[in-house]
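Dumped run.cif below, it's mmCIF, C-alpha atoms:
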```cif
data_start
#
loop_
_atom_site.label_atom_id
_atom_site.label_comp_id
_atom_site.auth_asym_id
_atom_site.auth_seq_id
_atom_site.Cartn_x
_atom_site.Cartn_y
_atom_site.Cartn_z
CA MET A 1 124.19 125.94 132.96
CA SER A 2 123.58 122.88 135.04
CA ARG A 3 119.96 123.96 135.63
CA ASP A 4 119.34 123.47 131.92
CA LEU A 5 120.97 120.06 132.04
CA ALA A 6 118.89 118.97 135.01
CA GLY A 7 115.74 120.28 133.34
CA VAL A 8 116.39 118.47 130.08
CA TRP A 9 117.20 115.13 131.64
CA LEU A 10 114.41 115.38 134.19
CA ALA A 11 111.85 116.10 131.48
CA GLU A 12 113.10 113.20 129.37
CA ALA A 13 113.14 110.80 132.30
CA ALA A 14 109.63 111.87 133.34
CA VAL A 15 108.23 111.30 129.84
CA PHE A 16 110.03 107.94 129.62
CA ALA A 17 108.70 106.80 133.00
CA LEU A 18 105.15 107.83 132.15
CA VAL A 19 105.26 106.17 128.72
CA VAL A 20 106.60 102.91 130.15
CA ALA A 21 103.98 103.01 132.90
CA ALA A 22 101.23 103.63 130.35
CA ILE A 23 102.49 100.75 128.18
CA LEU A 24 102.68 98.28 131.04
CA ALA A 25 99.48 99.40 132.78
CA GLU A 26 97.14 96.43 132.90
CA ARG A 27 94.09 97.80 134.66
CA PRO A 28 91.96 100.49 133.04
CA TRP A 29 92.41 102.90 135.95
CA ALA A 30 96.22 102.61 135.75
CA LEU A 31 96.13 103.26 132.02
CA GLY A 32 93.78 106.19 132.59
CA ALA A 33 96.00 107.63 135.32
CA THR A 34 99.23 107.38 133.33
CA GLY A 35 97.60 108.52 130.10
CA GLY A 36 95.97 111.40 131.99
CA ALA A 37 99.32 112.33 133.55
CA LEU A 38 100.93 112.43 130.08
CA VAL A 39 98.17 114.65 128.73
CA ALA A 40 98.34 116.86 131.86
CA ALA A 41 102.11 117.20 131.50
CA GLY A 42 101.70 118.14 127.86
CA ALA A 43 98.99 120.67 128.68
CA LEU A 44 101.14 122.15 131.48
CA VAL A 45 104.05 122.73 129.12
CA ARG A 46 101.73 124.04 126.43
CA PHE A 47 99.61 126.41 128.52
CA VAL A 48 102.03 127.67 131.21
CA PRO A 49 104.11 129.97 129.03
CA ARG A 50 107.01 130.36 131.46
CA LEU A 51 107.48 126.63 131.93
CA GLY A 52 107.18 125.94 128.21
CA ALA A 53 109.65 128.67 127.31
CA ALA A 54 112.11 127.54 129.99
CA LEU A 55 111.99 123.94 128.76
CA ALA A 56 112.25 124.93 125.11
CA GLY A 57 115.23 127.14 125.94
CA ALA A 58 116.92 124.38 127.93
CA PHE A 59 116.45 121.89 125.07
CA ALA A 60 117.74 124.40 122.53
CA ARG A 61 120.87 125.18 124.56
CA ARG A 62 121.61 121.58 125.47
CA ARG A 63 120.87 119.73 122.26
CA ALA A 64 123.78 117.31 122.57
CA ALA A 65 122.86 116.44 126.14
CA ALA A 66 119.21 116.03 125.17
CA LEU A 67 120.19 113.66 122.35
CA ALA A 68 122.50 111.70 124.62
CA GLY A 69 119.75 111.42 127.23
CA GLY A 70 117.32 110.22 124.59
CA ALA A 71 119.83 107.64 123.36
CA VAL A 72 120.41 106.30 126.89
CA LEU A 73 116.66 106.00 127.44
CA ALA A 74 116.21 104.26 124.08
CA LEU A 75 118.92 101.79 125.12
CA ALA A 76 117.24 101.28 128.47
CA LEU A 77 113.76 100.66 127.02
CA PRO A 78 114.08 96.82 126.71
CA LEU A 79 115.14 96.72 130.36
CA ALA A 80 112.03 98.62 131.35
CA LEU A 81 109.83 96.44 129.12
CA ARG A 82 111.54 93.15 129.98
CA SER A 83 108.39 91.64 131.49
CA SER A 84 106.67 91.88 128.10
CA PRO A 85 108.28 90.39 124.97
CA TYR A 86 105.25 91.56 123.03
CA TRP A 87 105.89 95.23 123.77
CA THR A 88 109.57 94.81 122.98
CA PHE A 89 108.40 93.53 119.59
CA VAL A 90 106.07 96.51 119.14
CA ALA A 91 108.89 98.90 120.03
CA THR A 92 111.07 97.20 117.41
CA LEU A 93 108.29 97.57 114.86
CA ALA A 94 108.11 101.28 115.68
CA LEU A 95 111.85 101.55 114.98
CA LEU A 96 111.35 99.80 111.63
CA TYR A 97 108.72 102.39 110.81
CA VAL A 98 111.23 105.10 111.73
CA THR A 99 113.59 103.67 109.08
CA ILE A 100 110.85 103.29 106.48
CA GLY A 101 109.34 106.67 107.35
CA GLN A 102 112.65 108.46 106.93
CA GLY A 103 113.10 106.87 103.52
CA LEU A 104 109.60 107.81 102.44
CA ASN A 105 109.97 111.30 103.89
CA PHE A 106 113.04 111.87 101.76
CA GLN A 107 110.99 111.14 98.63
CA LEU A 108 107.74 112.71 99.63
CA GLY A 109 108.71 115.46 102.02
CA THR A 110 112.08 116.61 100.74
CA ALA A 111 111.77 116.00 97.00
CA GLY A 112 107.99 116.04 96.59
CA VAL A 113 107.93 112.71 94.73
CA ILE A 114 104.60 111.25 95.86
CA ASN A 115 105.11 107.59 96.61
CA LEU A 116 102.11 105.55 97.70
CA ALA A 117 103.96 102.33 96.92
CA GLY A 118 105.88 102.20 100.21
CA ALA A 119 104.39 98.82 101.06
CA ALA A 120 105.49 97.41 97.69
CA PHE A 121 109.08 98.56 98.16
CA ALA A 122 109.17 97.22 101.70
CA GLY A 123 107.70 94.02 100.26
CA LEU A 124 110.38 93.85 97.59
CA GLY A 125 113.03 94.03 100.32
CA GLY A 126 111.20 91.43 102.41
CA TYR A 127 110.56 89.01 99.56
CA ALA A 128 114.13 89.39 98.31
CA VAL A 129 115.34 88.29 101.74
CA GLY A 130 112.85 85.44 101.86
CA LEU A 131 113.80 84.11 98.43
CA ALA A 132 117.54 84.56 98.93
CA THR A 133 117.61 82.77 102.28
CA VAL A 134 115.01 80.04 101.81
CA ALA A 135 115.45 79.25 98.11
CA GLY A 136 119.03 80.46 97.67
CA GLY A 137 120.49 79.40 101.00
CA TRP A 138 122.14 82.74 101.65
CA PRO A 139 123.03 83.80 105.20
CA SER A 140 120.43 86.20 106.60
CA TRP A 141 122.74 89.13 107.23
CA LEU A 142 123.89 89.11 103.60
CA ALA A 143 120.29 88.91 102.38
CA VAL A 144 119.33 91.89 104.56
CA LEU A 145 122.15 93.91 103.03
CA VAL A 146 121.21 92.91 99.45
CA GLY A 147 117.41 93.10 99.83
CA PRO A 148 117.19 96.92 99.73
CA TRP A 149 119.08 96.96 96.42
CA VAL A 150 116.30 94.87 94.89
CA ALA A 151 113.84 97.58 95.93
CA VAL A 152 116.10 100.24 94.42
CA THR A 153 116.54 98.31 91.16
CA VAL A 154 112.85 97.63 90.65
CA GLY A 155 112.19 101.24 91.60
CA THR A 156 114.24 102.49 88.66
CA PHE A 157 111.86 100.69 86.26
CA LEU A 158 109.04 102.70 87.77
CA PHE A 159 111.02 105.83 87.27
CA VAL A 160 110.00 106.78 83.72
CA PRO A 161 106.27 107.02 84.53
CA ILE A 162 107.14 108.87 87.74
CA LEU A 163 109.15 111.47 85.88
CA LYS A 164 106.47 111.96 83.25
CA THR A 165 103.45 112.40 85.48
CA ARG A 166 102.58 114.80 88.27
CA GLY A 167 100.02 115.27 91.00
CA HIS A 168 97.10 112.87 90.95
CA TYR A 169 98.48 110.96 88.00
CA LEU A 170 101.75 110.35 89.85
CA ALA A 171 99.83 109.12 92.89
CA LEU A 172 97.87 106.76 90.64
CA VAL A 173 101.04 105.33 89.08
CA THR A 174 102.43 104.42 92.50
CA ILE A 175 99.10 103.04 93.74
CA ALA A 176 98.85 100.90 90.60
CA PHE A 177 102.35 99.60 91.37
CA VAL A 178 101.33 98.38 94.86
CA PHE A 179 98.42 96.50 93.36
CA ILE A 180 100.56 94.95 90.64
CA PHE A 181 103.10 93.87 93.24
CA ASN A 182 100.45 92.43 95.51
CA ILE A 183 98.59 90.50 92.81
CA LEU A 184 101.88 89.14 91.45
CA VAL A 185 103.20 87.83 94.78
CA ASN A 186 99.76 86.44 95.51
CA ASN A 187 99.60 84.42 92.30
CA LEU A 188 103.15 83.54 91.26
CA GLU A 189 104.52 80.12 92.12
CA PHE A 190 107.99 81.04 93.29
CA THR A 191 106.76 83.60 95.86
CA GLY A 192 104.65 80.95 97.55
CA GLY A 193 101.33 82.52 96.61
CA PRO A 194 98.98 83.50 99.43
CA GLN A 195 100.97 81.30 101.85
CA GLY A 196 104.04 83.49 101.49
CA ILE A 197 107.54 82.37 102.39
CA LYS A 198 107.93 80.51 105.65
CA ASN A 199 110.94 79.67 107.82
CA ILE A 200 113.19 82.56 106.93
CA PRO A 201 116.28 81.93 109.06
CA THR A 202 116.81 84.47 111.80
CA LEU A 203 119.72 86.89 111.89
CA SER A 204 122.98 85.65 113.30
CA LEU A 205 126.18 87.62 113.52
CA GLY A 206 129.49 85.91 114.24
CA GLY A 207 127.79 82.80 115.58
CA TYR A 208 125.41 84.75 117.81
CA ALA A 209 121.84 83.82 116.83
CA PHE A 210 119.31 86.56 117.41
CA THR A 211 116.86 84.14 118.99
CA THR A 212 119.00 83.60 122.09
CA ARG A 213 117.86 85.52 125.13
CA PRO A 214 120.43 88.18 125.93
CA ALA A 215 121.39 89.02 129.49
CA LEU A 216 122.29 92.65 129.90
CA ALA A 217 123.92 93.82 133.14
CA GLY A 218 122.73 90.66 134.84
CA VAL A 219 119.12 91.15 133.71
CA ASP A 220 117.52 88.51 131.53
CA LEU A 221 115.87 90.08 128.46
CA PRO A 222 113.35 88.64 125.98
CA ALA A 223 114.88 87.43 122.69
CA HIS A 224 113.24 90.29 120.82
CA ALA A 225 115.62 92.67 122.59
CA ASN A 226 118.31 91.56 120.09
CA PHE A 227 116.17 92.78 117.23
CA TYR A 228 115.32 95.90 119.20
CA TYR A 229 118.97 96.89 119.49
CA ALA A 230 119.70 96.03 115.86
CA ALA A 231 116.66 98.04 114.74
CA LEU A 232 117.68 100.89 117.02
CA ALA A 233 121.11 100.99 115.38
CA MET A 234 119.49 100.82 111.95
CA ALA A 235 116.94 103.56 112.68
CA GLY A 236 119.60 105.76 114.28
CA LEU A 237 121.96 105.36 111.35
CA THR A 238 119.17 105.98 108.83
CA THR A 239 118.04 109.11 110.64
CA TRP A 240 121.60 110.39 110.86
CA ILE A 241 122.34 109.74 107.17
CA LEU A 242 119.09 111.29 105.96
CA ARG A 243 119.50 114.25 108.29
CA ARG A 244 122.93 114.88 106.75
CA LEU A 245 121.50 114.51 103.25
CA HIS A 246 118.56 116.75 104.08
CA ASP A 247 120.85 119.48 105.41
CA SER A 248 123.27 119.19 102.50
CA TRP A 249 123.17 120.96 99.13
CA LEU A 250 121.27 117.95 97.80
CA GLY A 251 118.46 118.41 100.31
CA LEU A 252 118.25 122.10 99.49
CA ALA A 253 118.16 121.37 95.75
CA LEU A 254 115.41 118.78 96.29
CA ASN A 255 113.39 121.27 98.35
CA THR A 256 113.59 123.72 95.46
CA LEU A 257 112.51 120.97 93.12
CA ARG A 258 109.51 120.21 95.32
CA ASP A 259 108.41 123.81 95.62
CA ASP A 260 108.77 124.86 91.99
CA GLU A 261 110.19 122.68 89.26
CA ILE A 262 110.68 125.45 86.74
CA THR A 263 112.52 127.66 89.19
CA ALA A 264 114.70 124.70 90.15
CA ARG A 265 115.52 124.04 86.54
CA CYS A 266 116.39 127.70 86.02
CA CYS A 267 118.78 127.49 88.95
CA GLY A 268 120.59 124.57 87.39
CA VAL A 269 118.99 121.73 89.37
CA SER A 270 118.52 118.67 87.16
CA VAL A 271 114.94 117.46 87.65
CA THR A 272 115.69 113.95 86.38
CA ARG A 273 118.79 113.50 88.49
CA GLY A 274 117.24 115.01 91.60
CA LYS A 275 114.09 112.91 91.46
CA LEU A 276 115.99 109.72 90.60
CA LEU A 277 118.39 110.25 93.51
CA ALA A 278 115.64 111.02 96.00
CA PHE A 279 113.46 108.14 94.81
CA SER A 280 116.30 105.60 94.90
CA ILE A 281 117.69 106.69 98.26
CA GLY A 282 114.21 106.60 99.74
CA ASN A 283 113.48 103.16 98.27
CA PHE A 284 116.72 101.84 99.70
CA PHE A 285 115.67 102.64 103.26
CA ILE A 286 112.08 101.48 102.72
CA GLY A 287 113.45 98.20 101.36
CA LEU A 288 115.84 97.95 104.29
CA GLY A 289 112.91 98.19 106.69
CA GLY A 290 111.08 95.44 104.81
CA ALA A 291 114.16 93.22 104.69
CA PHE A 292 114.67 93.58 108.42
CA TYR A 293 111.00 92.81 109.01
CA ALA A 294 111.39 89.56 107.08
CA VAL A 295 114.25 88.24 109.22
CA MET A 296 112.62 89.49 112.42
CA VAL A 297 109.27 87.78 111.86
CA GLY A 298 110.70 84.89 109.81
CA PHE A 299 107.75 84.98 107.45
CA VAL A 300 106.50 87.16 104.61
CA SER A 301 103.12 86.98 102.89
CA PRO A 302 101.14 89.27 100.58
CA PRO A 303 98.86 90.81 103.26
CA ASP A 304 101.96 92.04 105.12
CA PHE A 305 102.62 94.43 102.26
CA ASP A 306 99.23 95.52 100.97
CA PHE A 307 98.08 99.02 100.16
CA GLY A 308 96.89 99.70 103.72
CA TYR A 309 100.50 99.66 104.93
CA SER A 310 101.40 102.28 102.34
CA LEU A 311 98.79 104.47 104.00
CA VAL A 312 100.19 103.74 107.47
CA MET A 313 103.65 104.81 106.25
CA LEU A 314 102.11 107.93 104.78
CA SER A 315 100.27 108.76 108.01
CA VAL A 316 103.51 108.39 110.00
CA ILE A 317 104.91 111.26 107.95
CA ILE A 318 101.76 113.37 107.97
CA ILE A 319 101.28 113.02 111.74
CA GLY A 320 104.94 113.67 112.48
CA GLY A 321 105.47 116.53 110.05
CA VAL A 322 106.25 116.44 106.34
CA ASP A 323 109.96 117.04 105.61
CA SER A 324 110.71 117.06 109.35
CA ILE A 325 113.32 114.49 110.40
CA PRO A 326 112.49 114.49 114.15
CA GLY A 327 108.81 114.60 113.23
CA VAL A 328 109.03 111.27 111.41
CA VAL A 329 110.65 109.67 114.47
CA LEU A 330 107.87 111.05 116.66
CA GLY A 331 105.18 109.98 114.20
CA ALA A 332 106.42 106.40 114.03
CA CYS A 333 106.81 106.16 117.81
CA LEU A 334 103.21 107.34 118.26
CA LEU A 335 101.41 105.68 115.38
CA VAL A 336 102.74 102.14 115.73
CA PRO A 337 102.33 101.51 119.47
CA LEU A 338 99.11 103.50 120.03
CA PRO A 339 96.76 101.20 118.07
CA GLU A 340 98.32 98.25 119.92
CA ARG A 341 97.68 99.93 123.26
CA PHE A 342 94.05 100.43 122.31
CA ARG A 343 93.55 96.84 121.22
CA PHE A 344 90.94 96.44 123.96
CA LEU A 345 88.67 98.64 121.82
CA HIS A 346 88.78 95.89 119.16
CA GLU A 347 87.81 97.14 115.72
CA TYR A 348 86.89 100.58 117.05
CA ARG A 349 90.57 101.43 117.39
CA LEU A 350 90.71 101.78 113.61
CA LEU A 351 87.90 104.31 113.92
CA LEU A 352 90.00 106.13 116.52
CA TYR A 353 92.91 106.04 114.09
CA GLY A 354 90.87 107.74 111.40
CA VAL A 355 89.51 110.32 113.84
CA VAL A 356 93.02 111.15 115.08
CA ILE A 357 94.24 111.79 111.53
CA VAL A 358 91.24 113.96 110.63
CA VAL A 359 91.60 115.99 113.84
CA MET A 360 95.33 116.35 113.19
CA LEU A 361 94.79 117.61 109.65
CA LEU A 362 92.22 120.11 110.94
CA TYR A 363 94.19 121.55 113.84
CA ARG A 364 97.84 120.83 113.13
CA PRO A 365 98.04 120.47 109.36
CA ARG A 366 101.82 120.67 109.35
CA GLY A 367 102.24 117.79 111.77
CA LEU A 368 103.08 117.43 115.46
CA TRP A 369 106.69 118.48 114.92
CA PRO A 370 106.62 120.71 111.83
CA ALA A 371 109.66 121.17 109.66
CA GLN A 372 111.79 124.14 110.70
CA ILE A 373 113.06 126.74 108.31
CA ARG A 374 116.61 125.89 107.34
CA ARG A 375 119.28 127.76 109.27
CA TYR A 376 122.80 127.78 107.96
CA ARG A 377 125.57 129.11 110.10
CA MET B 1 85.68 95.05 95.72
CA GLY B 2 86.83 97.40 98.48
CA VAL B 3 89.91 99.48 97.84
CA THR B 4 90.64 97.75 94.53
CA GLY B 5 87.33 98.96 93.15
CA GLY B 6 88.14 102.51 94.14
CA VAL B 7 91.56 102.34 92.53
CA ILE B 8 90.10 100.89 89.33
CA GLY B 9 87.65 103.79 89.22
CA PHE B 10 90.48 106.24 89.76
CA SER B 11 92.53 104.57 86.99
CA ALA B 12 89.62 104.73 84.59
CA ALA B 13 89.12 108.42 85.30
CA ALA B 14 92.86 109.04 84.90
CA ILE B 15 93.29 107.38 81.49
CA GLY B 16 90.25 109.29 80.31
CA GLY B 17 91.67 112.49 81.74
CA LEU B 18 90.85 113.82 85.21
CA GLY B 19 88.40 116.68 85.14
CA ASN B 20 86.67 115.62 81.95
CA VAL B 21 83.25 113.99 82.25
CA TYR B 22 83.40 112.21 78.90
CA GLY B 23 86.96 111.11 79.66
CA ALA B 24 85.64 109.11 82.61
CA ILE B 25 83.16 107.28 80.35
CA LEU B 26 85.84 106.53 77.79
CA GLY B 27 88.38 105.52 80.46
CA GLY B 28 85.94 103.22 82.22
CA LEU B 29 85.06 101.51 78.96
CA LEU B 30 88.73 101.11 78.01
CA PHE B 31 89.71 99.74 81.41
CA GLY B 32 86.89 97.22 81.38
CA VAL B 33 87.67 96.00 77.87
CA LEU B 34 91.33 95.75 78.77
CA GLN B 35 90.62 93.67 81.89
CA THR B 36 88.31 91.30 80.10
CA THR B 37 90.60 90.91 77.08
CA ALA B 38 93.51 90.12 79.39
CA ALA B 39 91.42 87.56 81.25
CA ALA B 40 90.42 85.90 77.99
CA LEU B 41 93.70 85.87 76.12
CA ILE B 42 96.44 85.35 78.71
CA PRO B 43 96.98 81.94 80.36
CA ARG B 44 95.73 82.14 83.98
CA GLY B 45 94.49 85.53 82.85
CA SER B 46 91.71 85.83 85.41
CA GLU B 47 94.35 86.09 88.15
CA PHE B 48 96.56 88.51 86.31
CA ARG B 49 93.98 90.68 84.54
CA ASP B 50 94.38 93.55 87.01
CA VAL B 51 98.17 93.34 86.69
CA VAL B 52 97.89 93.73 82.92
CA ALA B 53 95.32 96.51 83.23
CA PHE B 54 97.33 98.50 85.79
CA ALA B 55 100.56 98.01 83.83
CA VAL B 56 98.89 99.31 80.69
CA VAL B 57 97.57 102.30 82.65
CA MET B 58 101.09 103.07 83.88
CA LEU B 59 102.53 102.75 80.37
CA PHE B 60 99.72 104.83 78.97
CA LEU B 61 100.43 107.67 81.39
CA VAL B 62 104.06 107.69 80.21
CA PHE B 63 102.95 108.69 76.73
CA LYS B 64 99.90 110.74 77.65
CA PRO B 65 100.59 112.07 81.15
CA SER B 66 97.25 113.86 81.45
CA GLY B 67 94.98 111.20 79.97
CA LEU B 68 93.11 111.01 76.70
CA LEU B 69 90.81 114.01 77.05
CA GLY B 70 92.56 115.77 79.95
CA ASP B 71 93.75 119.36 79.70
CA LYS B 72 97.08 119.83 78.04
CA SER B 73 99.10 121.16 80.94
CA VAL B 74 100.75 124.33 79.72
CA GLU B 75 102.86 126.01 82.36
CA ARG B 76 103.25 129.73 82.20
CA VAL B 77 106.52 131.10 83.43
#
```

What does this structure look like when you write it as structure tokens?
Amino acid sequence: MSRDLAGVWLAEAAVFALVVAAILAERPWALGATGGALVAAGALVRFVPRLGAALAGAFARRRAAALAGGAVLALALPLALRSSPYWTFVATLALLYVTIGQGLNFQLGTAGVINLAGAAFAGLGGYAVGLATVAGGWPSWLAVLVGPWVAVTVGTFLFVPILKTRGHYLALVTIAFVFIFNILVNNLEFTGGPQGIKNIPTLSLGGYAFTTRPALAGVDLPAHANFYYAALAMAGLTTWILRRLHDSWLGLALNTLRDDEITARCCGVSVTRGKLLAFSIGNFFIGLGGAFYAVMVGFVSPPDFDFGYSLVMLSVIIIGGVDSIPGVVLGACLLVPLPERFRFLHEYRLLLYGVVIVVMLLYRPRGLWPAQIRRYR
Amino acid sequence: MGVTGGVIGFSAAAIGGLGNVYGAILGGLLFGVLQTTAAALIPRGSEFRDVVAFAVVMLFLVFKPSGLLGDKSVERV
């Protein structure tokens, strides 16, 4: 039905326009108005049952069109934000957190392997890129492709303690790993100590350096738009791959493993193999996010990968919805830009951050976009 | 101190065995001795003492996954 189509695209365009307006609003009243409009729109859909049901039905019937519309809007975002390189950068950061969040979600949500060392694995990817390019003279694109494998390789050393322990003890093992990583990079000579690694060369593909300002359809864009599109491709590919894995027999086996290990073992699921696969695949994408971060910012240092960032990665998943692929995307797109938007509150925005998470856990413990029950047709 | 202090406390409780009061005493003592020994014996040890201590904790949990005095986890099927 074309009414569905119109409804889906109209809703998407309206949300997009309001979000862009809220991001670019400079004066408090403009921010209040756009933020208020977003909340009002959300409340309208939530509390007018007919409207909500109609929209939900339209989105369910027109999933392909909804996805296509979302993709077009994601491609158009740098055009809408072209007056602000800073917000293009923040949007790119959100996409990196989508990649990292999907990787972490595969470990934590799908397989139930608690990993509080996300920052360390991202750091391994980032530092691998820094060392390979600055000390080894590798081209950046090659380093970005190899960096994640360093995270995977180091992750396998951590694997024996992970397999042996459960619950709190498992959490402690991964937390201890972040601290070991952080103290080591802070004190070793070849990682540059507290000063980190400077002057990581930027990405360039086929002679096209990512620091040149692209012009798209005659519109001049900030240089960060290059990274935005690369990160968009990366996040999209990651989400697609992990969605396929999650829906496959492997995802189902890992879900069984998470819910009850003994039952899984009785059904012929290998605990060792399942956890190793989930942990390594997850680490690959976390490392990829860190590697991309290194070439985007051109600089890595220990505070970029400390324990606090592990918690941010974890909150992305908890806010979005554990084991929910679209939830992770939503969580990253909310959790990364929102604190930036509230920078005018100075340090109080961190207070707001904590309050949001506590309120979420009280009222929507399964996340904003909870995982759906699997449906196989 | 900050977060590191909290994690050290958690580690101490874990090597002693979570849920056991005397385990926490034993774990805290062990962790402290470990840190100080590492600082004294290893070159540039004061920088790497926490690395050594955390690594030992991780290794320790491989062999005794529920700590020294923690409950033996028996799963009933």

Under the rule of at most 8 Å, produce a per-residue listing of chain A near chain B: chain, number, name, the closest pair of atoms, and the distance in Å, as JSON lines, using only C-alpha atoms.
```
{"residue": "A:Val160", "atom": "CA", "partner": "B:Val62", "partner_atom": "CA", "distance": 7.0}
{"residue": "A:Pro161", "atom": "CA", "partner": "B:Val62", "partner_atom": "CA", "distance": 4.9}
{"residue": "A:Lys164", "atom": "CA", "partner": "B:Val62", "partner_atom": "CA", "distance": 5.8}
{"residue": "A:Thr165", "atom": "CA", "partner": "B:Pro65", "partner_atom": "CA", "distance": 5.2}
{"residue": "A:Arg166", "atom": "CA", "partner": "B:Pro65", "partner_atom": "CA", "distance": 7.9}
{"residue": "A:Tyr169", "atom": "CA", "partner": "B:Ala14", "partner_atom": "CA", "distance": 6.7}
{"residue": "A:Leu172", "atom": "CA", "partner": "B:Ser11", "partner_atom": "CA", "distance": 6.8}
{"residue": "A:Val173", "atom": "CA", "partner": "B:Met58", "partner_atom": "CA", "distance": 5.7}
{"residue": "A:Ile175", "atom": "CA", "partner": "B:Val7", "partner_atom": "CA", "distance": 7.7}
{"residue": "A:Ala176", "atom": "CA", "partner": "B:Phe54", "partner_atom": "CA", "distance": 5.6}
{"residue": "A:Phe177", "atom": "CA", "partner": "B:Phe54", "partner_atom": "CA", "distance": 7.6}
{"residue": "A:Phe179", "atom": "CA", "partner": "B:Val51", "partner_atom": "CA", "distance": 7.4}
{"residue": "A:Ile180", "atom": "CA", "partner": "B:Val51", "partner_atom": "CA", "distance": 4.9}
{"residue": "A:Ile183", "atom": "CA", "partner": "B:Val51", "partner_atom": "CA", "distance": 6.8}
{"residue": "A:Leu184", "atom": "CA", "partner": "B:Val51", "partner_atom": "CA", "distance": 7.4}
{"residue": "A:Asn187", "atom": "CA", "partner": "B:Glu47", "partner_atom": "CA", "distance": 6.9}
{"residue": "A:Ile262", "atom": "CA", "partner": "B:Val77", "partner_atom": "CA", "distance": 7.8}
```

**Request:** Specify as a ChimeraX atom specification each residue included when the PyMOL selection byres ((chain A and resi 359-364) around 12) is applied to this file.
**Result:** /A:315-316,318-322,331,352-358,365-370

**Request:** Considering only C-alpha atoms, return as a PyMOL selection string whatever protein or nucleic-acid residues lie within 10 Å of range 123-134 of chain A, sequence-local ones (same chain, fewer than 6 positions apart) excluded.
**Result:** chain A and resi 117+140-155+178+181-182+185+190-192+196-202+283-295+298-306

**Request:** Could you give me, as a ChimeraX atom specification, the residues within 10 Å of Asp259 in chain A, counting all atoms listed in the file and dropping anything in the same chain fewer than 6 positions from it?
**Result:** /A:110-112

**Prompt:** So how far away is CA of Thr99 in chain A from CA of Trp138 in chain A, in Å?
**Reply:**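 So the answer is 23.8 Å.
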
**Prompt:** Which polymer residues have any atom within 12 Å of an atom of Ala56 in chain A, counting all atoms listed in the file, with same-chain residues fewer than 2 positions away left out, as a ChimeraX atom specification?
**Reply:** /A:4,7-8,11,45-46,49-54,58-63,66
